[in-house]
Amino acid sequence: MLASSLLLGPCLVVSALVSHGHPCGSGPCAGNPCGGSPCAATAAAPCGPQYQMVERTVMAPTMVTEMRTVRRTVCRPEQQEQTYTVYNRVPYTRDVTREYTVMVPEERTRTVNYTTCKPVMQTMTQQYTAMVPHQEERQGTRTVCQPIEVDQTVTVMVPETRTKTVNYTVCKPVTETVDRQVTVMVPHQETREGVRRVCNYVNETRTRTVRCDMGSWAQVPCDANPCGSGNGCGNGCGNGGGCGSYSNGCGGCNPCGSPCGNPCGNGGGCAPCQPRTRSVWVPNIVEKQVNYTVCRPQISEVPYTYTVTVCKPETRTQQVQVCKMVQEQQSREVQYTVCVPQQKTMKVTRMQQVQQPYTYTVTVCKPETRTRNVQVCKYVQEQQSREVKYTVCTAQKQSKTMQVTEYRCEPEQKTRTVTVMRREVVEEQVPVQVCRMMPKTITCRVPVNNGCGNGGCGGGGCGGNAGCGGCR
């Protein structure tokens with residue numbers, strides 16, 4: 001018995017169990033296990049895995065579009081007459097007497113005493129010291145530099161070129177062949193066993209609550225007196241108690257055709273209007289339980305065998321060219337310049353300091369006491385008075401009459417047309433996506449038994465008997 005599973009696209013296909021009879025277990029080899037042509041033909045067949053392609057039919061979930069009838073509420077506009085009250089502001093004028101206070105200015109006089117400082121000039125004698133300049137001649141000595149020529153011996157550095165031998169070391173490259181151990185990763189094939197998770201879809205029945213409108217249409221009478229107050233035809237055609245007594249300008253009250261006969265005649269009354277009816281939808285919401293089927297995924301674990309490539313380390317020896325640097329001594333001739341000192345005699349001009357007398361004039365300031373007259377200003381306080389005018393504001397009450405405009409609100413009745421949304425329930429067809437389990441034919445790769453199973457070579461088949469050639 002062998003079980004195999006296949007996952008194709010979004011749908012999971014689980015193959016059925018396939019059983020094959022063993023040629024050496026219960027066929028001709030059962031009676032003659034070690035002889036005859038059937039077992040010999042089976043022993044000659046190779047023992048590797050073989051597969052065959054099998055067509056199978058599975059149930060795959062498929063999305064299908066279906067039309068379903070649903071109910072929805074639609075709001076339709078409807079024109080209606082509405083009467084409302086508007087308050088208008090009407091201006092009117094009236095006389096109002098008001099009292100107010102006015103500040104009147106008034107001039108007054110008062111005497112103010114104040115103190116002033118009066119300047120007084122006085123002559124005073126003052127002594128002071130003045131510095132008077134005088135010219136004086138003085139004798140002095142100063143140092144003067146004079147040039148003098150002197151013979152002087154000077155050492156001069158003269159350049160001279162010489163040659164010397166210099167030893168130096170150089171590195172010479174040498175290539176050698178060396179054996180080196182290298183680790184290489186060698187790939188190997190290994191067979192391993194694992195467990196993978198397989199998803200199967202299972203149908204499950206659930207219940208949900210659905211609200212349905214099981215209403216119906218009903219006839220409802222219209223307003224009994226749509227034309228106002230009266231006996232069915234109103235009193236807008238005249239001033240009488242019936243349909244009026246004038247024959248011109250009467251629109252009449254005729255919502256039902258002509259139920260009143262002659263509404264603007266001179267009769268004493270009118271026949272009553274015929275009653276009107278309109279169709280109204282009366283809803284009736286009913287809740288009921290509905291069963292529906294859903295596909296629920298179910299996860300299961302299935303063992304399988306897979307092949308992996310594993311790299312194993314392996315030590316190998318290889319020859320490598322290695323470059324080494326060897327030191328070598330060499331020499332060369334190098335020219336260099338040396339400065340050699342030489343003695344030379346030359347004349348040099350030097351500056352020599354000499355003392356020289358001279359006469360110079362100096363201005364000297366000497367102190368001298370003198371007398372002078374100075375005008376001094378002194379301030380003397382003096383009391384004075386003056387007349388000052390000032391203004392005082394006096395409060396006075398006055399009254400005046402003025403016209404004031406005020407507003408009063410007067411109501412006014414107006415009529416306007418408004419749009420009202422009426423709710424209606426309508427039925428319509430809506431496309432719905434539904435998941436259905438549909439049959440689908442697929443091709444599977446299934447392993448087959450080649451005669452080398454448990455009954456062929458291992459137990460009581462060809463492998464366990466002495467005369468059987470065995471399975472390969």
# chains A, B, ... in the order shown; residues from 1 in each chain; ligands from 1
call {"tool": "residues_around", "arguments": {"residues": "A:Pro357", "least_positions_apart": "4", "cutoff": "10 Å", "atoms": "only C-alpha atoms", "output": "list of chain:residue names"}}
result
A:Gln139, A:Gly140, A:Thr141, A:Arg142, A:Thr143
call {"tool": "residues_around", "arguments": {"residues": "A:Glu410", "least_positions_apart": "4", "cutoff": "9 Å", "atoms": "only C-alpha atoms", "output": "list of chain:residue names"}}
result
A:Val86, A:Tyr87, A:Asn88, A:Arg89, A:Val90
call {"tool": "atom_distance", "arguments": {"atom1": "atom CA of A:Asn284", "atom2": "atom CA of A:Asp213"}}
result
5.3 Å
call {"tool": "closest_residue", "arguments": {"among": "A:Val58, A:Tyr84, A:Gly215, A:Lys324", "to": "A:Glu412", "atoms": "only C-alpha atoms"}}
result
A:Tyr84
call {"tool": "residues_around", "arguments": {"residues": "A:Gly194", "least_positions_apart": "3", "cutoff": "7 Å", "atoms": "only C-alpha atoms", "output": "short mmCIF file (atom, residue, chain, number, x, y, z; two decimals) with N, CA, C and O atoms, in the first residue's frame"}}
result
data_model
loop_
_atom_site.label_atom_id
_atom_site.label_comp_id
_atom_site.auth_asym_id
_atom_site.auth_seq_id
_atom_site.Cartn_x
_atom_site.Cartn_y
_atom_site.Cartn_z
N PRO A 303 4.07 12.77 5.90
CA PRO A 303 5.51 12.54 5.77
C PRO A 303 5.92 12.43 4.30
O PRO A 303 5.14 11.94 3.46
N TYR A 304 7.15 12.87 3.98
CA TYR A 304 7.66 12.77 2.61
C TYR A 304 9.19 12.67 2.68
O TYR A 304 9.80 12.96 3.71
N THR A 305 9.81 12.25 1.57
CA THR A 305 11.26 12.08 1.46
C THR A 305 11.80 13.07 0.44
O THR A 305 11.21 13.22 -0.64
#
call {"tool": "closest_atom_pairs", "arguments": {"of": "stretch 276-339 of chain A", "to": "stretch 161-185 of chain A", "cutoff": "7 Å", "atoms": "only C-alpha atoms", "output": "Markdown table"}}
result
| residue | atom | partner | partner_atom | distance |
| --- | --- | --- | --- | --- |
| A:Cys311 | CA | A:Met185 | CA | 5.4 |
| A:Lys312 | CA | A:Met185 | CA | 5.3 |
| A:Pro313 | CA | A:Met185 | CA | 4.4 |
| A:Glu314 | CA | A:Val184 | CA | 5.1 |
| A:Thr315 | CA | A:Thr183 | CA | 4.4 |
| A:Arg316 | CA | A:Val182 | CA | 5.2 |
| A:Thr317 | CA | A:Gln181 | CA | 4.7 |
| A:Gln318 | CA | A:Arg180 | CA | 5.5 |
| A:Gln319 | CA | A:Asp179 | CA | 4.5 |
| A:Val320 | CA | A:Val178 | CA | 5.3 |
| A:Gln321 | CA | A:Thr177 | CA | 4.6 |
| A:Val322 | CA | A:Glu176 | CA | 5.2 |
| A:Cys323 | CA | A:Thr175 | CA | 4.4 |
| A:Lys324 | CA | A:Val174 | CA | 5.1 |
| A:Met325 | CA | A:Pro173 | CA | 4.4 |
| A:Val326 | CA | A:Lys172 | CA | 5.0 |
| A:Gln327 | CA | A:Cys171 | CA | 4.4 |
| A:Glu328 | CA | A:Val170 | CA | 5.3 |
| A:Gln329 | CA | A:Thr169 | CA | 4.6 |
| A:Gln330 | CA | A:Tyr168 | CA | 5.5 |
| A:Ser331 | CA | A:Asn167 | CA | 4.2 |
| A:Arg332 | CA | A:Val166 | CA | 5.5 |
| A:Glu333 | CA | A:Thr165 | CA | 4.6 |
| A:Val334 | CA | A:Lys164 | CA | 5.4 |
| A:Gln335 | CA | A:Thr163 | CA | 4.4 |
| A:Tyr336 | CA | A:Arg162 | CA | 5.5 |
| A:Thr337 | CA | A:Thr161 | CA | 4.4 |
| A:Val338 | CA | A:Thr161 | CA | 6.3 |
call {"tool": "closest_residue", "arguments": {"among": "A:Cys444, A:Lys397, A:Arg423, A:Lys414", "to": "A:Gln82", "atoms": "only C-alpha atoms"}}
result
A:Lys414
call {"tool": "atom_distance", "arguments": {"atom1": "atom CA of A:His134", "atom2": "atom CA of A:Lys366"}}
result
7.4 Å
